[in-house]
Each structure stands twice: as structure tokens, then as C-alpha cells.
file structure.pdb (PDB, C-alpha atoms)
ATOM      1  CA  MET A   7       0.000   0.000   0.000  1.00  0.00           C
ATOM      2  CA  ASP A   8       1.549   3.274  -1.049  1.00  0.00           C
ATOM      3  CA  ASP A   9       1.516   6.427   1.046  1.00  0.00           C
ATOM      4  CA  GLU A  10      -1.318   8.120  -0.875  1.00  0.00           C
ATOM      5  CA  ALA A  11      -3.638   5.092  -0.604  1.00  0.00           C
ATOM      6  CA  ARG A  12      -2.924   4.811   3.115  1.00  0.00           C
ATOM      7  CA  ARG A  13      -3.824   8.484   3.664  1.00  0.00           C
ATOM      8  CA  ALA A  14      -7.066   8.092   1.707  1.00  0.00           C
ATOM      9  CA  LYS A  15      -7.979   5.007   3.723  1.00  0.00           C
ATOM     10  CA  ASN A  16      -7.225   6.776   7.020  1.00  0.00           C
ATOM     11  CA  LYS A  17      -9.321   9.757   5.914  1.00  0.00           C
ATOM     12  CA  THR A  18     -12.374   7.566   5.188  1.00  0.00           C
ATOM     13  CA  ILE A  19     -11.934   5.808   8.551  1.00  0.00           C
ATOM     14  CA  LYS A  20     -11.774   9.201  10.283  1.00  0.00           C
ATOM     15  CA  GLU A  21     -14.948  10.408   8.541  1.00  0.00           C
ATOM     16  CA  LYS A  22     -16.834   7.206   9.387  1.00  0.00           C
ATOM     17  CA  GLY A  23     -15.732   7.566  13.014  1.00  0.00           C
ATOM     18  CA  LYS A  24     -17.061  11.138  13.139  1.00  0.00           C
ATOM     19  CA  GLU A  25     -20.408   9.993  11.690  1.00  0.00           C
ATOM     20  CA  THR A  26     -20.646   7.212  14.257  1.00  0.00           C
ATOM     21  CA  ARG A  27     -19.824   9.520  17.177  1.00  0.00           C
ATOM     22  CA  LEU A  28     -22.388  12.041  15.945  1.00  0.00           C
ATOM     23  CA  ARG A  29     -25.050   9.324  15.663  1.00  0.00           C
ATOM     24  CA  HIS A  30     -24.210   7.906  19.091  1.00  0.00           C
ATOM     25  CA  ALA A  31     -24.346  11.370  20.686  1.00  0.00           C
ATOM     26  CA  SER A  32     -28.102  11.498  20.113  1.00  0.00           C
ATOM     27  CA  MET A  33     -28.671   8.022  21.602  1.00  0.00           C
ATOM     28  CA  ARG A  34     -29.322   7.532  25.273  1.00  0.00           C
ATOM     29  CA  PRO A  35     -29.618   4.332  27.278  1.00  0.00           C
ATOM     30  CA  VAL A  36     -32.975   3.796  28.936  1.00  0.00           C
ATOM     31  CA  ALA A  37     -33.758   1.353  31.722  1.00  0.00           C
ATOM     32  CA  ILE A  38     -37.423   0.629  32.328  1.00  0.00           C
ATOM     33  CA  GLU A  39     -38.687  -1.514  35.140  1.00  0.00           C
ATOM     34  CA  LEU A  40     -42.096  -3.003  34.447  1.00  0.00           C
ATOM     35  CA  LYS A  41     -44.352  -5.229  36.501  1.00  0.00           C
ATOM     36  CA  LEU A  42     -45.861  -8.104  34.530  1.00  0.00           C
ATOM     37  CA  ASP A  43     -49.541  -8.969  34.863  1.00  0.00           C
ATOM     38  CA  LEU A  44     -49.384 -12.749  34.725  1.00  0.00           C
ATOM     39  CA  LYS A  45     -53.154 -13.206  35.041  1.00  0.00           C
ATOM     40  CA  CYS A  46     -53.576 -12.799  31.291  1.00  0.00           C
ATOM     41  CA  LEU A  47     -51.282 -15.772  30.538  1.00  0.00           C
ATOM     42  CA  ASN A  48     -52.113 -19.444  30.588  1.00  0.00           C
ATOM     43  CA  ASN A  49     -50.270 -21.866  32.874  1.00  0.00           C
ATOM     44  CA  ALA A  50     -47.792 -23.013  30.207  1.00  0.00           C
ATOM     45  CA  GLU A  51     -46.703 -19.455  29.414  1.00  0.00           C
ATOM     46  CA  ARG A  52     -46.501 -18.528  33.087  1.00  0.00           C
ATOM     47  CA  ASP A  53     -44.396 -21.619  33.792  1.00  0.00           C
ATOM     48  CA  LYS A  54     -42.121 -20.727  30.876  1.00  0.00           C
ATOM     49  CA  ILE A  55     -41.444 -17.278  32.351  1.00  0.00           C
ATOM     50  CA  PHE A  56     -40.673 -18.737  35.767  1.00  0.00           C
ATOM     51  CA  LEU A  57     -38.458 -21.356  34.089  1.00  0.00           C
ATOM     52  CA  TYR A  58     -36.473 -18.551  32.413  1.00  0.00           C
ATOM     53  CA  PHE A  59     -35.685 -17.088  35.837  1.00  0.00           C
ATOM     54  CA  ALA A  60     -34.761 -20.509  37.229  1.00  0.00           C
ATOM     55  CA  GLU A  61     -32.509 -21.248  34.249  1.00  0.00           C
ATOM     56  CA  CYS A  62     -30.791 -17.871  34.614  1.00  0.00           C
ATOM     57  CA  ARG A  63     -30.100 -18.728  38.258  1.00  0.00           C
ATOM     58  CA  TRP A  64     -28.741 -22.165  37.294  1.00  0.00           C
ATOM     59  CA  LEU A  65     -26.504 -20.648  34.623  1.00  0.00           C
ATOM     60  CA  CYS A  66     -25.301 -17.888  36.932  1.00  0.00           C
ATOM     61  CA  ASN A  67     -24.362 -20.358  39.658  1.00  0.00           C
ATOM     62  CA  TYR A  68     -22.732 -22.662  37.089  1.00  0.00           C
ATOM     63  CA  LEU A  69     -20.602 -19.807  35.771  1.00  0.00           C
ATOM     64  CA  ILE A  70     -19.642 -18.652  39.269  1.00  0.00           C
ATOM     65  CA  GLY A  71     -18.469 -22.181  40.054  1.00  0.00           C
ATOM     66  CA  LEU A  72     -16.219 -22.395  36.982  1.00  0.00           C
ATOM     67  CA  GLU A  73     -12.488 -21.871  37.166  1.00  0.00           C
ATOM     68  CA  ALA A  74     -11.104 -18.636  35.688  1.00  0.00           C
ATOM     69  CA  ASP A  75      -9.808 -20.116  32.429  1.00  0.00           C
ATOM     70  CA  LYS A  76     -12.995 -22.128  31.815  1.00  0.00           C
ATOM     71  CA  PHE A  77     -15.072 -19.012  32.547  1.00  0.00           C
ATOM     72  CA  LYS A  78     -13.127 -17.024  29.942  1.00  0.00           C
ATOM     73  CA  ASN A  79     -13.551 -19.798  27.361  1.00  0.00           C
ATOM     74  CA  PHE A  80     -17.272 -20.307  28.026  1.00  0.00           C
ATOM     75  CA  SER A  81     -19.166 -20.901  24.781  1.00  0.00           C
ATOM     76  CA  MET A  82     -22.522 -19.174  24.335  1.00  0.00           C
ATOM     77  CA  GLU A  83     -23.824 -22.210  22.440  1.00  0.00           C
ATOM     78  CA  THR A  84     -23.585 -24.317  25.605  1.00  0.00           C
ATOM     79  CA  ARG A  85     -27.004 -25.707  26.485  1.00  0.00           C
ATOM     80  CA  GLY A  86     -26.071 -28.515  28.872  1.00  0.00           C
ATOM     81  CA  ILE A  87     -24.813 -27.464  32.303  1.00  0.00           C
ATOM     82  CA  THR A  88     -24.300 -29.154  35.645  1.00  0.00           C
ATOM     83  CA  SER A  89     -25.661 -27.382  38.684  1.00  0.00           C
ATOM     84  CA  LEU A  90     -26.091 -28.345  42.300  1.00  0.00           C
ATOM     85  CA  ASP A  91     -29.455 -28.998  43.913  1.00  0.00           C
ATOM     86  CA  LYS A  92     -30.335 -27.837  47.422  1.00  0.00           C
ATOM     87  CA  ASP A  93     -28.584 -30.874  48.967  1.00  0.00           C
ATOM     88  CA  GLY A  94     -25.352 -30.228  47.043  1.00  0.00           C
ATOM     89  CA  ASN A  95     -25.749 -33.084  44.566  1.00  0.00           C
ATOM     90  CA  PRO A  96     -24.782 -32.382  40.937  1.00  0.00           C
ATOM     91  CA  VAL A  97     -27.699 -32.312  38.499  1.00  0.00           C
ATOM     92  CA  ALA A  98     -27.388 -32.184  34.694  1.00  0.00           C
ATOM     93  CA  ARG A  99     -29.713 -29.543  33.265  1.00  0.00           C
ATOM     94  CA  GLN A 100     -30.661 -28.429  29.756  1.00  0.00           C
ATOM     95  CA  LEU A 101     -31.187 -24.718  29.087  1.00  0.00           C
ATOM     96  CA  THR A 102     -34.221 -23.848  26.955  1.00  0.00           C
ATOM     97  CA  MET A 103     -34.059 -20.061  27.219  1.00  0.00           C
ATOM     98  CA  PRO A 104     -33.084 -17.884  24.240  1.00  0.00           C
ATOM     99  CA  ALA A 105     -29.383 -17.443  23.551  1.00  0.00           C
ATOM    100  CA  LYS A 106     -29.558 -13.699  24.221  1.00  0.00           C
ATOM    101  CA  PHE A 107     -30.515 -14.424  27.842  1.00  0.00           C
ATOM    102  CA  ILE A 108     -27.412 -16.618  28.187  1.00  0.00           C
ATOM    103  CA  GLN A 109     -25.295 -13.797  26.791  1.00  0.00           C
ATOM    104  CA  THR A 110     -26.729 -11.233  29.214  1.00  0.00           C
ATOM    105  CA  VAL A 111     -26.169 -13.471  32.253  1.00  0.00           C
ATOM    106  CA  TYR A 112     -22.584 -14.086  31.152  1.00  0.00           C
ATOM    107  CA  SER A 113     -21.885 -10.403  30.436  1.00  0.00           C
ATOM    108  CA  SER A 114     -23.416  -9.259  33.747  1.00  0.00           C
ATOM    109  CA  LEU A 115     -21.175 -11.696  35.631  1.00  0.00           C
ATOM    110  CA  LYS A 116     -18.149 -10.405  33.732  1.00  0.00           C
ATOM    111  CA  GLN A 117     -19.094  -6.840  34.727  1.00  0.00           C
ATOM    112  CA  ASP A 118     -19.489  -7.898  38.364  1.00  0.00           C
ATOM    113  CA  MET A 119     -16.047  -9.534  38.322  1.00  0.00           C
ATOM    114  CA  LYS A 120     -14.499  -6.420  36.765  1.00  0.00           C
ATOM    115  CA  ALA A 121     -16.085  -4.254  39.455  1.00  0.00           C
ATOM    116  CA  LEU A 122     -14.653  -6.483  42.201  1.00  0.00           C
ATOM    117  CA  ALA A 123     -11.198  -6.380  40.601  1.00  0.00           C
ATOM    118  CA  GLU A 124     -11.370  -2.596  40.295  1.00  0.00           C
ATOM    119  CA  LYS A 125     -12.370  -2.277  43.942  1.00  0.00           C
ATOM    120  CA  ARG A 126      -9.510  -4.559  44.918  1.00  0.00           C
ATOM    121  CA  ARG A 127      -7.099  -2.468  42.847  1.00  0.00           C
ATOM    122  CA  LYS A 128      -8.349   0.854  44.263  1.00  0.00           C
ATOM    123  CA  THR A 129      -8.396  -0.052  47.942  1.00  0.00           C
ATOM    124  CA  GLY A 130      -5.494  -2.483  47.922  1.00  0.00           C
ATOM    125  CA  LYS A 131      -7.423  -4.724  50.296  1.00  0.00           C
ATOM    126  CA  ARG A 132      -8.706  -8.190  49.645  1.00  0.00           C
ATOM    127  CA  ASN A 133     -12.394  -8.407  49.023  1.00  0.00           C
ATOM    128  CA  GLY A 134     -14.645 -11.381  48.625  1.00  0.00           C
ATOM    129  CA  LYS A 135     -15.652 -13.176  45.485  1.00  0.00           C
ATOM    130  CA  LEU A 136     -19.017 -13.645  43.847  1.00  0.00           C
ATOM    131  CA  LYS A 137     -21.384 -15.825  45.811  1.00  0.00           C
ATOM    132  CA  PHE A 138     -23.936 -18.302  44.547  1.00  0.00           C
ATOM    133  CA  ARG A 139     -27.413 -16.875  44.084  1.00  0.00           C
ATOM    134  CA  SER A 140     -30.519 -18.313  45.630  1.00  0.00           C
ATOM    135  CA  SER A 141     -32.755 -16.298  43.301  1.00  0.00           C
ATOM    136  CA  TYR A 142     -32.503 -14.418  40.032  1.00  0.00           C
ATOM    137  CA  ASP A 143     -34.946 -11.520  40.088  1.00  0.00           C
ATOM    138  CA  SER A 144     -34.474  -9.627  36.846  1.00  0.00           C
ATOM    139  CA  ILE A 145     -33.543 -10.558  33.313  1.00  0.00           C
ATOM    140  CA  GLU A 146     -31.956  -7.903  31.177  1.00  0.00           C
ATOM    141  CA  LEU A 147     -33.724  -7.517  27.836  1.00  0.00           C
ATOM    142  CA  ASN A 148     -31.241  -5.330  26.032  1.00  0.00           C
ATOM    143  CA  GLN A 149     -31.983  -5.812  22.347  1.00  0.00           C
ATOM    144  CA  TYR A 150     -35.218  -4.072  21.429  1.00  0.00           C
ATOM    145  CA  GLY A 151     -36.972  -5.797  18.560  1.00  0.00           C
ATOM    146  CA  ASN A 152     -35.127  -9.071  19.136  1.00  0.00           C
ATOM    147  CA  THR A 153     -35.533 -10.014  22.803  1.00  0.00           C
ATOM    148  CA  HIS A 154     -38.601  -7.860  23.373  1.00  0.00           C
ATOM    149  CA  TRP A 155     -40.760  -5.094  22.001  1.00  0.00           C
ATOM    150  CA  ILE A 156     -43.267  -2.815  23.662  1.00  0.00           C
ATOM    151  CA  CYS A 157     -46.703  -1.704  22.483  1.00  0.00           C
ATOM    152  CA  TYR A 158     -47.671   1.480  24.276  1.00  0.00           C
ATOM    153  CA  GLY A 159     -50.785   3.617  23.965  1.00  0.00           C
ATOM    154  CA  SER A 160     -51.923   4.123  20.388  1.00  0.00           C
ATOM    155  CA  GLU A 161     -49.640   1.373  19.039  1.00  0.00           C
ATOM    156  CA  GLY A 162     -52.265  -1.249  19.870  1.00  0.00           C
ATOM    157  CA  ASN A 163     -54.954  -2.163  17.387  1.00  0.00           C
ATOM    158  CA  ASN A 164     -58.203  -0.199  17.005  1.00  0.00           C
ATOM    159  CA  LYS A 165     -60.129  -2.313  19.544  1.00  0.00           C
ATOM    160  CA  GLY A 166     -57.668  -1.471  22.314  1.00  0.00           C
ATOM    161  CA  ARG A 167     -55.987  -4.879  22.305  1.00  0.00           C
ATOM    162  CA  TYR A 168     -52.264  -5.098  22.861  1.00  0.00           C
ATOM    163  CA  LYS A 169     -52.020  -1.647  24.428  1.00  0.00           C
ATOM    164  CA  ASN A 170     -49.488  -1.492  27.278  1.00  0.00           C
ATOM    165  CA  THR A 171     -48.065  -4.914  26.514  1.00  0.00           C
ATOM    166  CA  VAL A 172     -44.596  -6.399  26.195  1.00  0.00           C
ATOM    167  CA  HIS A 173     -43.690  -9.173  23.802  1.00  0.00           C
ATOM    168  CA  ILE A 174     -40.835 -11.328  25.114  1.00  0.00           C
ATOM    169  CA  ALA A 175     -38.811 -13.771  23.030  1.00  0.00           C
ATOM    170  CA  GLY A 176     -40.057 -17.316  23.501  1.00  0.00           C
ATOM    171  CA  ILE A 177     -43.516 -16.286  24.753  1.00  0.00           C
ATOM    172  CA  LYS A 178     -46.140 -16.319  22.010  1.00  0.00           C
ATOM    173  CA  ARG A 179     -48.746 -13.972  23.452  1.00  0.00           C
ATOM    174  CA  PRO A 180     -48.128 -10.424  24.629  1.00  0.00           C
ATOM    175  CA  ILE A 181     -47.923  -9.813  28.362  1.00  0.00           C
ATOM    176  CA  ARG A 182     -49.869  -6.941  29.899  1.00  0.00           C
ATOM    177  CA  VAL A 183     -47.666  -4.746  32.078  1.00  0.00           C
ATOM    178  CA  PHE A 184     -48.137  -2.120  34.753  1.00  0.00           C
ATOM    179  CA  GLY A 185     -45.961   0.973  34.929  1.00  0.00           C
ATOM    180  CA  MET A 186     -46.002   2.158  31.326  1.00  0.00           C
ATOM    181  CA  ASP A 187     -46.731   5.735  32.338  1.00  0.00           C
TER     182      ASP A 187
END
call {"tool": "encode", "arguments": {"input": "structure.pdb", "output": "C-alpha cells"}}
result
Amino acid sequence: MDDEARRAKNKTIKEKGKETRLRHASMRPVAIELKLDLKCLNNAERDKIFLYFAECRWLCNYLIGLEADKFKNFSMETRGITSLDKDGNPVARQLTMPAKFIQTVYSSLKQDMKALAEKRRKTGKRNGKLKFRSSYDSIELNQYGNTHWICYGSEGNNKGRYKNTVHIAGIKRPIRVFGMD
């Protein structure tokens, strides 16, 4: 690559970077906490939602129990894990939740580990490590249009159906939610 071609390439990269920074400047992250109304779901759909939370807990505890090098090399395609039951006996489990949920559990644990390492570096003192969870209370749905989408207000159909609902990946029917306003 000659000098002129390299300069032209660097110039296009610089312009694309400016466009990206300008586009990202108008974006803002939004966190919304909604309360699901599970009365509108049938038992199978309700059980599926509760199973998602249980599987996230199993995966989280499985990942916490892994050694450091196995944690770093964890494959997102992994569906079979071994977790411990309440008596401490190993149980083989199959994950049925969407792959994006696995990715968010893994990335949140990585962030927690980074925060502990940063605290250890700042204070110079030893701090504890991540502990096993007895419950998993919230699942991060961070890819709008893929993991979830929201119908609010006038976005529902003309008969008022599907207003103030959330569609979650893996659940066929929309879920009515409280807290949209």
C-alpha cells in the first residue's frame, strides 16, 4: 500500500468515526422496570417465564463455580450445564431459554467480576468473590426488537388490544404490564 492510498484510507476511517460519534451522541440508554400482569397468561406461558428465571439462576451459579480459564472460554452455544441442587448433589440440566438471555447473564457476571477487581485495585485490600445466588430476580432484555418489544398507547390495534403490553422472546402472546406511564 503506497503512502497516498494509506492516507485516503485513514481519511475515510476518520470520517466514518465522526459519523458514528455524531449518531451515538443522540442516543441515550434507557432502563425501564415493568411489573408483569401474569393473570392474562395461561399456565404453560406462566411456567415458561418462571423457568427462564430458574434457568438464569442455574446458569449464573454454574458460571460462578467455573475456574477462571474455563469461565473465559465459556461458549454461548452451551445448552447442557451441571448445577447443584439444594442438597449439594450435581444435576445435569438443559437450558431452553433464548441465547440472548445466556449472553446477558454471562456479560453481567463479567461486569461484576471487573467491578470487584477494580475495587480490589483501588483499595489495595482483599475483598470477597461472587457468591452463589438463591434467586434471580431480573432478566436484562437489552436488544429491542429481538428479545422484546413494547406496544404502548396508540400502538395497539383499534379495539384497544395489545395496548401497554410487552412481547418477550419465547412467549407467544403479549404480556400486559403495569408501569407504562
call {"tool": "closest_residue", "arguments": {"input": "structure.pdb", "among": "A:Cys66, A:Gly151, A:Lys131, A:Thr88", "to": "Thr110 of chain A", "atoms": "only C-alpha atoms"}}
result
A:Cys66
call {"tool": "atom_distance", "arguments": {"input": "structure.pdb", "atom1": "atom CA of Gly176 of chain A", "atom2": "atom CA of Pro35 of chain A"}}
result
24.3 Å
call {"tool": "closest_atom_pairs", "arguments": {"input": "structure.pdb", "of": "segment 64-142 of chain A", "to": "segment 48-55 of chain A", "cutoff": "12 Å", "atoms": "only C-alpha atoms", "output": "Markdown table"}}
result
| residue | atom | partner | partner_atom | distance |
| --- | --- | --- | --- | --- |
| A:Leu101 | CA | A:Lys54 | CA | 11.8 |
| A:Thr102 | CA | A:Lys54 | CA | 9.4 |
| A:Met103 | CA | A:Lys54 | CA | 8.9 |
| A:Pro104 | CA | A:Lys54 | CA | 11.6 |
call {"tool": "residues_around", "arguments": {"input": "structure.pdb", "residues": "Met82 of chain A", "least_positions_apart": "5", "cutoff": "8 Å", "atoms": "only C-alpha atoms", "output": "list in words"}}
result
Ala105, Ile108 and Gln109 of chain A
call {"tool": "closest_residue", "arguments": {"input": "structure.pdb", "among": "A:Tyr150, A:Tyr158, A:Phe80, A:Phe56", "to": "Tyr112 of chain A", "atoms": "only C-alpha atoms"}}
result
A:Phe80
call {"tool": "axis_aligned_box", "arguments": {"input": "structure.pdb", "around": "segment 76-89 of chain A", "padding_each_side": "4 Å", "output": "AutoDock Vina command-line options"}}
result
--center_x -20.0 --center_y -23.1 --center_z 30.6 --size_x 22.0 --size_y 20.1 --size_z 24.2
call {"tool": "closest_residue", "arguments": {"input": "structure.pdb", "among": "A:Arg63, A:Arg13, A:Lys45, A:Arg27", "to": "Ser141 of chain A", "atoms": "all atoms listed in the file"}}
result
A:Arg63
call {"tool": "resolve_selection", "arguments": {"input": "structure.pdb", "expression": "the PyMOL selection byres ((chain A and resi 153) around 9)", "output": "compact mmCIF listing (two decimals) with C-alpha atoms, keeping the file's coordinate frame"}}
result
# COMPACT_ATOMS: atom_id res chain seq x y z
CA PRO A 104 -33.08 -17.88 24.24
CA LYS A 106 -29.56 -13.70 24.22
CA PHE A 107 -30.52 -14.42 27.84
CA LEU A 147 -33.72 -7.52 27.84
CA ASN A 148 -31.24 -5.33 26.03
CA GLN A 149 -31.98 -5.81 22.35
CA TYR A 150 -35.22 -4.07 21.43
CA GLY A 151 -36.97 -5.80 18.56
CA ASN A 152 -35.13 -9.07 19.14
CA HIS A 154 -38.60 -7.86 23.37
CA TRP A 155 -40.76 -5.09 22.00
CA HIS A 173 -43.69 -9.17 23.80
CA ILE A 174 -40.84 -11.33 25.11
CA ALA A 175 -38.81 -13.77 23.03
CA GLY A 176 -40.06 -17.32 23.50
call {"tool": "atom_distance", "arguments": {"input": "structure.pdb", "atom1": "atom CA of Cys62 of chain A", "atom2": "atom CA of Ile156 of chain A"}}
result
22.4 Å
call {"tool": "residues_around", "arguments": {"input": "structure.pdb", "residues": "Arg132 of chain A", "least_positions_apart": "6", "cutoff": "12 Å", "atoms": "all atoms listed in the file", "output": "count of residues only"}}
result
5
call {"tool": "residues_around", "arguments": {"input": "structure.pdb", "residues": "Leu69 of chain A", "least_positions_apart": "2", "cutoff": "10 Å", "atoms": "all atoms listed in the file", "output": "mmCIF file with C-alpha atoms, keeping the file's coordinate frame"}}
result
data_model
loop_
_atom_site.group_PDB
_atom_site.id
_atom_site.type_symbol
_atom_site.label_atom_id
_atom_site.label_comp_id
_atom_site.auth_asym_id
_atom_site.auth_seq_id
_atom_site.Cartn_x
_atom_site.Cartn_y
_atom_site.Cartn_z
ATOM 1 C CA ARG A 63 -30.100 -18.728 38.258
ATOM 2 C CA TRP A 64 -28.741 -22.165 37.294
ATOM 3 C CA LEU A 65 -26.504 -20.648 34.623
ATOM 4 C CA CYS A 66 -25.301 -17.888 36.932
ATOM 5 C CA ASN A 67 -24.362 -20.358 39.658
ATOM 6 C CA GLY A 71 -18.469 -22.181 40.054
ATOM 7 C CA LEU A 72 -16.219 -22.395 36.982
ATOM 8 C CA GLU A 73 -12.488 -21.871 37.166
ATOM 9 C CA ALA A 74 -11.104 -18.636 35.688
ATOM 10 C CA LYS A 76 -12.995 -22.128 31.815
ATOM 11 C CA PHE A 77 -15.072 -19.012 32.547
ATOM 12 C CA LYS A 78 -13.127 -17.024 29.942
ATOM 13 C CA PHE A 80 -17.272 -20.307 28.026
ATOM 14 C CA ILE A 87 -24.813 -27.464 32.303
ATOM 15 C CA SER A 89 -25.661 -27.382 38.684
ATOM 16 C CA VAL A 111 -26.169 -13.471 32.253
ATOM 17 C CA TYR A 112 -22.584 -14.086 31.152
ATOM 18 C CA LEU A 115 -21.175 -11.696 35.631
ATOM 19 C CA LYS A 116 -18.149 -10.405 33.732
ATOM 20 C CA PHE A 138 -23.936 -18.302 44.547
#
call {"tool": "residues_near_point", "arguments": {"input": "structure.pdb", "point": "(-17.3, -14.2, 46.3)", "cutoff": "10 Å", "atoms": "only C-alpha atoms", "output": "list in words"}}
result
Ile70, Met119, Leu122, Asn133, Gly134, Lys135, Leu136, Lys137 and Phe138 of chain A
call {"tool": "build_atoms", "arguments": {"input": "structure.pdb", "residues": "segment 48-57 of chain A", "atoms": "all heavy atoms", "output": "compact mmCIF listing (two decimals), keeping the file's coordinate frame"}}
result
# COMPACT_ATOMS: atom_id res chain seq x y z
N ASN A 48 -51.70 -18.11 30.16
CA ASN A 48 -52.11 -19.44 30.59
C ASN A 48 -50.98 -20.07 31.41
O ASN A 48 -49.89 -19.52 31.54
CB ASN A 48 -52.52 -20.31 29.39
CG ASN A 48 -51.40 -20.51 28.40
OD1 ASN A 48 -50.23 -20.45 28.76
ND2 ASN A 48 -51.74 -20.76 27.14
N ASN A 49 -51.24 -21.23 31.97
CA ASN A 49 -50.27 -21.87 32.87
C ASN A 49 -48.96 -22.20 32.18
O ASN A 49 -47.89 -22.06 32.77
CB ASN A 49 -50.87 -23.12 33.50
CG ASN A 49 -51.92 -22.81 34.52
OD1 ASN A 49 -51.93 -21.72 35.09
ND2 ASN A 49 -52.83 -23.74 34.76
N ALA A 50 -49.01 -22.65 30.92
CA ALA A 50 -47.79 -23.01 30.21
C ALA A 50 -46.90 -21.79 30.00
O ALA A 50 -45.68 -21.87 30.20
CB ALA A 50 -48.14 -23.65 28.87
N GLU A 51 -47.49 -20.66 29.63
CA GLU A 51 -46.70 -19.45 29.41
C GLU A 51 -46.17 -18.90 30.73
O GLU A 51 -45.02 -18.44 30.80
CB GLU A 51 -47.56 -18.40 28.71
CG GLU A 51 -47.90 -18.77 27.29
CD GLU A 51 -48.99 -17.92 26.69
OE1 GLU A 51 -49.79 -17.32 27.45
OE2 GLU A 51 -49.05 -17.83 25.46
N ARG A 52 -46.96 -18.98 31.77
CA ARG A 52 -46.50 -18.53 33.09
C ARG A 52 -45.35 -19.40 33.57
O ARG A 52 -44.34 -18.90 34.09
CB ARG A 52 -47.67 -18.58 34.07
CG ARG A 52 -47.38 -17.88 35.38
CD ARG A 52 -48.58 -17.85 36.31
NE ARG A 52 -49.75 -17.30 35.64
CZ ARG A 52 -50.95 -17.90 35.64
NH1 ARG A 52 -51.12 -19.04 36.25
NH2 ARG A 52 -51.97 -17.34 35.03
N ASP A 53 -45.47 -20.72 33.39
CA ASP A 53 -44.40 -21.62 33.79
C ASP A 53 -43.13 -21.36 32.99
O ASP A 53 -42.02 -21.49 33.51
CB ASP A 53 -44.83 -23.08 33.63
CG ASP A 53 -45.90 -23.48 34.62
OD1 ASP A 53 -46.08 -22.76 35.64
OD2 ASP A 53 -46.57 -24.51 34.39
N LYS A 54 -43.28 -21.01 31.71
CA LYS A 54 -42.12 -20.73 30.88
C LYS A 54 -41.37 -19.50 31.38
O LYS A 54 -40.14 -19.48 31.43
CB LYS A 54 -42.56 -20.52 29.44
CG LYS A 54 -41.44 -20.55 28.45
CD LYS A 54 -42.01 -20.54 27.04
CE LYS A 54 -41.08 -21.31 26.15
NZ LYS A 54 -41.59 -21.45 24.80
N ILE A 55 -42.10 -18.48 31.81
CA ILE A 55 -41.44 -17.28 32.35
C ILE A 55 -40.70 -17.62 33.63
O ILE A 55 -39.54 -17.21 33.83
CB ILE A 55 -42.47 -16.16 32.59
CG1 ILE A 55 -42.96 -15.63 31.25
CG2 ILE A 55 -41.89 -15.03 33.42
CD1 ILE A 55 -44.04 -14.60 31.34
N PHE A 56 -41.34 -18.36 34.52
CA PHE A 56 -40.67 -18.74 35.77
C PHE A 56 -39.48 -19.65 35.49
O PHE A 56 -38.46 -19.58 36.19
CB PHE A 56 -41.65 -19.41 36.73
CG PHE A 56 -42.65 -18.45 37.32
CD1 PHE A 56 -44.01 -18.69 37.25
CD2 PHE A 56 -42.23 -17.29 37.95
CE1 PHE A 56 -44.92 -17.80 37.79
CE2 PHE A 56 -43.14 -16.39 38.49
CZ PHE A 56 -44.48 -16.65 38.41
N LEU A 57 -39.57 -20.49 34.45
CA LEU A 57 -38.46 -21.36 34.09
C LEU A 57 -37.28 -20.53 33.57
O LEU A 57 -36.12 -20.87 33.85
CB LEU A 57 -38.89 -22.38 33.04
CG LEU A 57 -37.84 -23.39 32.61
CD1 LEU A 57 -37.44 -24.27 33.80
CD2 LEU A 57 -38.37 -24.27 31.48
